[in-house]
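Asks: You'll find structure16.cif just under this line, and it carries mmCIF, C-alpha atoms.
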```
data_run
loop_
_atom_site.label_atom_id
_atom_site.label_comp_id
_atom_site.auth_asym_id
_atom_site.auth_seq_id
_atom_site.Cartn_x
_atom_site.Cartn_y
_atom_site.Cartn_z
CA MET D 1 -14.63 27.03 13.73
CA ASN D 2 -13.89 23.92 15.84
CA ASP D 3 -15.23 20.41 15.21
CA THR D 4 -18.07 20.75 17.73
CA GLU D 5 -19.29 23.91 16.01
CA LEU D 6 -18.92 22.27 12.59
CA LEU D 7 -21.05 19.31 13.72
CA GLU D 8 -23.70 21.59 15.21
CA LEU D 9 -23.83 23.54 11.95
CA LEU D 10 -24.05 20.31 9.91
CA GLU D 11 -27.09 19.33 11.97
CA SER D 12 -28.81 22.72 12.11
CA SER D 13 -27.97 23.89 8.59
CA PRO D 14 -26.54 20.95 6.63
CA GLN D 15 -25.67 22.95 3.52
CA GLU D 16 -23.78 25.67 5.36
CA GLY D 17 -22.19 22.97 7.51
CA LEU D 18 -21.01 21.05 4.45
CA ALA D 19 -19.51 24.21 2.95
CA ALA D 20 -17.71 24.95 6.22
CA VAL D 21 -16.36 21.39 6.56
CA ILE D 22 -15.09 21.45 2.99
CA GLY D 23 -13.51 24.86 3.59
CA LYS D 24 -11.62 23.48 6.57
CA TYR D 25 -10.79 19.93 5.52
CA SER D 26 -10.70 19.69 1.71
CA ALA D 27 -6.89 19.97 1.55
CA TYR D 28 -6.51 17.29 4.23
CA VAL D 29 -8.92 14.85 2.56
CA TYR D 30 -7.34 15.56 -0.82
CA LYS D 31 -3.95 14.70 0.66
CA ILE D 32 -5.23 11.33 1.96
CA VAL D 33 -6.96 10.43 -1.30
CA TYR D 34 -4.11 11.61 -3.50
CA ASN D 35 -1.57 9.52 -1.60
CA ARG D 36 -3.71 6.40 -1.91
CA LEU D 37 -4.94 6.76 -5.48
CA VAL D 38 -2.23 8.59 -7.40
CA GLY D 39 -0.99 6.41 -10.24
CA VAL D 40 -4.18 4.38 -10.15
CA CYS D 41 -6.83 7.04 -10.82
CA ALA D 42 -6.93 10.13 -13.01
CA LYS D 43 -6.80 13.55 -11.35
CA GLU D 44 -10.51 14.05 -12.06
CA ASP D 45 -11.35 10.74 -10.37
CA ILE D 46 -9.33 11.76 -7.31
CA GLU D 47 -11.32 15.01 -7.07
CA GLU D 48 -14.54 13.04 -7.50
CA ALA D 49 -13.50 10.70 -4.69
CA VAL D 50 -12.84 13.69 -2.41
CA SER D 51 -16.30 15.14 -3.01
CA ASP D 52 -17.84 11.66 -2.50
CA ILE D 53 -16.11 11.47 0.89
CA PHE D 54 -17.61 14.80 1.97
CA MET D 55 -20.99 13.56 0.78
CA LYS D 56 -20.58 10.48 2.97
CA LEU D 57 -19.84 12.70 5.96
CA TYR D 58 -22.83 14.91 5.13
CA THR D 59 -25.17 11.92 4.86
CA SER D 60 -23.75 10.26 7.92
CA VAL D 61 -24.12 13.30 10.20
CA SER D 62 -27.12 15.19 8.85
CA GLU D 63 -29.26 12.23 7.82
CA LYS D 64 -28.10 9.25 9.89
CA GLY D 65 -27.32 11.18 13.07
CA ALA D 66 -23.70 10.09 13.47
CA GLU D 67 -21.89 12.02 16.22
CA PRO D 68 -18.15 11.73 15.60
CA ARG D 69 -15.91 12.97 18.40
CA SER D 70 -13.43 14.32 15.88
CA VAL D 71 -14.47 15.35 12.36
CA CYS D 72 -10.83 15.11 11.33
CA ALA D 73 -10.42 11.50 12.52
CA TYR D 74 -13.85 10.52 11.19
CA LEU D 75 -13.06 11.97 7.76
CA SER D 76 -9.79 10.04 7.66
CA VAL D 77 -11.66 6.77 8.23
CA ILE D 78 -14.26 7.57 5.57
CA ALA D 79 -11.49 8.60 3.17
CA GLN D 80 -9.38 5.49 3.76
CA ARG D 81 -12.36 3.16 3.32
CA HIS D 82 -13.51 4.97 0.22
CA CYS D 83 -10.02 4.65 -1.29
CA THR D 84 -9.93 0.96 -0.42
CA ASP D 85 -13.27 0.51 -2.21
CA VAL D 86 -11.97 2.39 -5.25
CA LEU D 87 -8.82 0.24 -5.35
CA ARG D 88 -10.87 -2.96 -5.04
CA ARG D 89 -13.13 -1.84 -7.89
CA GLN D 90 -10.12 -1.00 -10.02
CA LYS D 91 -8.57 -4.38 -9.28
CA ALA D 92 -11.86 -6.14 -10.08
CA ASN D 93 -11.92 -4.29 -13.41
CA GLY D 94 -8.49 -5.70 -14.21
CA GLN D 95 -6.56 -2.46 -13.77
CA HIS D 96 -2.94 -2.78 -12.74
CA ILE D 97 -2.41 -2.01 -9.04
CA SER D 98 0.95 -2.16 -7.30
CA LEU D 99 1.75 -5.04 -4.96
CA ASP D 100 1.96 -2.62 -2.03
CA GLU D 101 -1.55 -1.39 -2.69
CA ILE D 102 -2.92 -4.92 -3.09
CA GLU D 103 -1.32 -5.90 0.21
CA ASN D 104 -2.92 -2.89 1.91
CA ILE D 105 -6.47 -3.66 0.74
CA ILE D 106 -6.50 -7.32 1.73
CA PRO D 107 -8.74 -7.70 4.81
CA ASP D 108 -6.76 -8.88 7.79
CA GLU D 109 -8.73 -9.74 10.92
CA GLU D 110 -5.61 -9.97 13.07
CA VAL D 111 -4.49 -6.50 12.08
CA THR D 112 -8.00 -5.12 12.51
CA ALA D 113 -7.99 -6.36 16.08
CA ASP D 114 -4.56 -4.82 16.65
CA SER D 115 -5.16 -1.44 15.06
CA GLY D 116 -5.99 0.32 18.32
CA GLN D 117 -2.89 -1.08 20.02
CA ILE D 118 -0.69 -0.12 17.10
CA MET D 119 -2.11 3.41 17.19
CA GLN D 120 -1.40 3.56 20.94
CA ALA D 121 2.19 2.46 20.27
CA LEU D 122 2.54 5.11 17.55
CA LYS D 123 1.32 7.70 20.04
CA ARG D 124 3.91 6.57 22.59
CA LEU D 125 6.74 7.20 20.11
CA GLY D 126 6.32 10.89 20.91
CA GLU D 127 6.75 13.90 18.65
CA PRO D 128 7.94 14.34 16.01
CA ASP D 129 8.03 10.57 15.42
CA THR D 130 4.29 10.06 15.92
CA GLU D 131 3.51 12.59 13.20
CA ILE D 132 6.18 11.11 10.92
CA PHE D 133 4.73 7.61 11.30
CA VAL D 134 1.13 8.78 10.93
CA ARG D 135 2.08 10.58 7.73
CA ARG D 136 4.18 7.71 6.36
CA TYR D 137 2.10 4.69 7.25
CA TYR D 138 -1.44 5.86 7.96
CA LEU D 139 -1.65 8.56 5.28
CA GLY D 140 0.86 6.91 2.93
CA GLN D 141 2.84 10.08 2.23
CA PRO D 142 6.16 9.69 0.40
CA VAL D 143 9.26 10.33 2.52
CA LYS D 144 10.37 13.30 0.41
CA GLN D 145 6.99 14.98 0.85
CA ILE D 146 7.02 14.41 4.61
CA ALA D 147 10.54 15.84 4.83
CA LEU D 148 9.44 18.91 2.89
CA GLU D 149 6.31 19.50 4.95
CA MET D 150 8.03 18.88 8.27
CA ASN D 151 11.08 20.89 7.30
CA MET D 152 13.50 17.99 7.80
CA LYS D 153 16.26 16.40 5.77
CA VAL D 154 15.35 13.15 4.02
CA ASP D 155 18.29 11.36 5.70
CA THR D 156 17.18 12.50 9.14
CA LEU D 157 13.64 11.37 8.43
CA ASN D 158 14.81 7.95 7.22
CA LYS D 159 16.88 7.49 10.39
CA ARG D 160 13.87 8.40 12.54
CA LEU D 161 11.72 5.93 10.62
CA SER D 162 14.29 3.19 11.02
CA ARG D 163 14.74 3.77 14.77
CA GLY D 164 10.99 4.19 15.22
CA LEU D 165 10.28 0.86 13.56
CA LYS D 166 12.64 -0.87 15.98
CA LYS D 167 11.00 0.87 18.94
CA LEU D 168 7.54 -0.04 17.71
CA ARG D 169 8.48 -3.68 17.19
CA LYS D 170 9.86 -3.83 20.71
CA MET D 171 6.80 -2.14 22.22
CA LEU D 172 4.41 -4.49 20.45
CA GLU D 173 6.49 -7.57 21.34
CA GLU D 174 6.37 -6.54 25.00
CA GLU D 175 2.59 -6.42 24.69
CA GLY D 176 2.56 -9.88 23.12
CA LEU D 177 1.43 -8.57 19.71
CA MET B 1 6.05 -4.44 10.92
CA LYS B 2 5.82 -2.24 7.81
CA THR B 3 3.01 -4.41 6.47
CA ARG B 4 1.05 -4.11 9.69
CA LEU B 5 1.51 -0.36 9.69
CA GLY B 6 0.64 -0.11 5.99
CA ARG B 7 -2.67 -1.85 6.59
CA LEU B 8 -3.75 0.62 9.26
CA GLY B 9 -5.41 2.77 6.62
CA ALA B 10 -7.71 -0.03 5.55
CA ASN B 11 -8.26 -1.49 9.02
CA ALA B 12 -8.38 1.32 11.61
CA ASP B 13 -11.81 2.49 12.72
CA GLU B 14 -12.94 5.81 14.18
CA LYS B 15 -12.09 4.78 17.73
CA ASP B 16 -8.54 3.83 16.69
CA CYS B 17 -8.06 7.10 14.81
CA GLN B 18 -9.30 9.07 17.79
CA ILE B 19 -5.99 8.11 19.44
CA ILE B 20 -4.06 10.06 16.81
CA SER B 21 -6.66 12.81 16.30
CA ARG B 22 -4.32 15.55 17.54
CA GLU B 23 -1.68 14.58 14.96
CA LEU B 24 -4.33 14.36 12.24
CA GLU B 25 -5.62 17.82 13.17
CA ASP B 26 -2.09 19.24 13.00
CA ILE B 27 -1.60 17.68 9.58
CA ALA B 28 -4.99 19.01 8.42
CA ALA B 29 -4.09 22.49 9.63
CA LYS B 30 -0.84 22.43 7.63
CA SER B 31 -2.44 21.07 4.44
CA THR B 32 -3.18 23.38 1.55
CA ILE B 33 -4.60 23.07 -1.95
CA PRO B 34 -5.12 25.70 -4.65
CA ASP B 35 -8.32 27.75 -4.32
CA GLU B 36 -9.68 26.60 -7.64
CA LEU B 37 -9.30 22.94 -6.69
CA GLN B 38 -11.13 23.60 -3.44
CA GLU B 39 -13.87 25.38 -5.39
CA ARG B 40 -14.29 22.39 -7.71
CA ILE B 41 -14.53 19.99 -4.74
CA LEU B 42 -17.06 22.24 -3.02
CA SER B 43 -19.11 22.64 -6.17
CA SER B 44 -19.12 18.89 -6.82
CA ALA B 45 -20.07 17.99 -3.25
CA MET B 46 -22.81 20.63 -3.17
CA ARG B 47 -24.22 19.33 -6.43
CA LYS B 48 -24.27 15.78 -5.03
CA ALA B 49 -25.99 17.06 -1.90
CA GLY B 50 -28.61 18.72 -4.09
CA VAL B 51 -27.58 22.17 -2.93
CA GLY B 52 -27.54 25.26 -5.10
CA MET B 53 -29.37 23.83 -8.07
CA ASN B 54 -31.68 26.85 -7.99
CA ILE B 55 -28.73 29.20 -8.18
CA THR B 56 -28.46 30.60 -11.65
CA MET B 57 -25.30 31.66 -13.40
CA ASN B 58 -25.08 35.18 -12.13
CA ASN B 59 -21.42 35.76 -11.64
CA ARG B 60 -19.79 34.18 -14.67
CA LYS B 61 -20.53 35.67 -18.05
CA GLU B 62 -17.29 34.68 -19.71
CA ASP B 63 -16.78 33.46 -23.23
CA THR B 64 -16.76 29.70 -22.70
CA HIS B 65 -15.02 29.21 -26.03
CA ASN B 66 -11.98 31.05 -24.72
CA PRO B 67 -9.41 28.38 -23.70
CA GLU B 68 -8.43 30.52 -20.73
CA ASN B 69 -11.89 30.01 -19.28
CA LEU B 70 -12.12 26.25 -19.73
CA ASN B 71 -11.33 25.56 -16.09
CA ASN B 72 -14.31 27.61 -14.91
CA TYR B 73 -16.92 25.03 -15.82
CA ASP B 74 -18.21 24.53 -12.31
CA TYR B 75 -18.26 28.06 -11.04
CA ASP B 76 -21.98 28.64 -11.52
CA LEU B 77 -22.59 27.31 -8.01
CA CYS B 78 -19.39 28.38 -6.33
CA GLY B 79 -19.81 32.10 -5.99
CA THR B 80 -22.84 31.86 -3.79
CA VAL B 81 -21.66 28.81 -1.89
CA PHE B 82 -18.31 30.40 -1.15
CA GLU B 83 -19.92 33.62 0.00
CA CYS B 84 -21.86 31.42 2.39
CA ALA B 85 -18.71 29.59 3.54
CA ASN B 86 -16.82 32.84 3.98
CA ARG B 87 -19.53 34.27 6.24
CA LEU B 88 -18.95 31.34 8.57
#
```
Turn the structure described in the file into structure tokens.

Replies:
Amino acid sequence: MNDTELLELLESSPQEGLAAVIGKYSAYVYKIVYNRLVGVCAKEDIEEAVSDIFMKLYTSVSEKGAEPRSVCAYLSVIAQRHCTDVLRRQKANGQHISLDEIENIIPDEEVTADSGQIMQALKRLGEPDTEIFVRRYYLGQPVKQIALEMNMKVDTLNKRLSRGLKKLRKMLEEEGL
Amino acid sequence: MKTRLGRLGANADEKDCQIISRELEDIAAKSTIPDELQERILSSAMRKAGVGMNITMNNRKEDTHNPENLNNYDYDLCGTVFECANRL
């Protein structure tokens, strides 16, 4: 079932649509949430966050009439924002959060404005580098896990990341960013 | 550069992510989780959506005191919901 059919089903029969979306995307959303919240939340809380994210999609589409062009992309945004909210709540409650995570949840207007251009630059890297960078920096996957899932050696992956970072920096400098 | 990239998760909106939707779809297609974890997520989301609350326990009659069955706590809704999902 493609995304258009999933969205039509969510509108015409929300419950069946929700079941179908979860059947197709639960592993993907779990991957996003796990990478952001592991070490901060218990396994049960990670599962709870995943089901909350599907509820947000359900409410957004079937009740508020949202019409995402890509369910997959839309879910990633909901998932990332949900994780950011969870991390902020944890931090507010005094729970220890790593410096990397704190840095990633601080609002940054400049970066917000640049996000589209950075995504365009990532896209221009070309495969397999675009997927590597999306996994590493947008989804926050560890290098070893990426290497395993993309059937690459860790050394090769690290070299691609290093070269890719230089290319990206150059591309963004040429665009004045 | 790494900081800017690291903040994409918190800052990118739907329009930005549309640019990398093909890569995200590929990653989604390759992602897997155990069936029982997927069942728990489905059951939890359905319960939050108010779905299946009229479905009675009709497919699980196990001894809940048996430690081997302790992970089945949410399956009262799953059988029917999954049959529904599988038909799709």

Asks: Given the PyMOL selection byres ((chain B) within 6 of (chain D)) and the file above, list the residues it selects as a PyMOL selection string.

Replies: chain B and resi 5-9+11-12+14+16-18+21+23+28+31-33+41+45+85

Asks: Just to confirm, what's the straight-line distance from CA of Leu42 (chain B) to CA of Leu10 (chain D) in Å (one decimal)?

Replies: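 Result for CA of Leu42 (chain B) versus CA of Leu10 (chain D): 14.8 Å, one decimal.
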
Asks: Could you tell me how far CA of Gly94 (chain D) sits from CA of Asp45 (chain D), in Å to one decimal place?

Replies: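 Computing the Euclidean distance for CA of Asp45 (chain D) and CA of Gly94 (chain D) yields 17.1 Å.
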
Asks: Take CA of Asp129 (chain D) and CA of Val38 (chain D) and report the distance between them in Å, one decimal.

Replies: 25.1 Å

Asks: For Glu8 (chain D), which residue among D:Cys41, D:Ala66, D:Ile46, D:Val33 is the nearest when counting only C-alpha atoms?

Replies: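 Of D:Cys41, D:Ala66, D:Ile46, D:Val33, the one nearest Glu8 (chain D), counting only C-alpha atoms, is D:Ala66.
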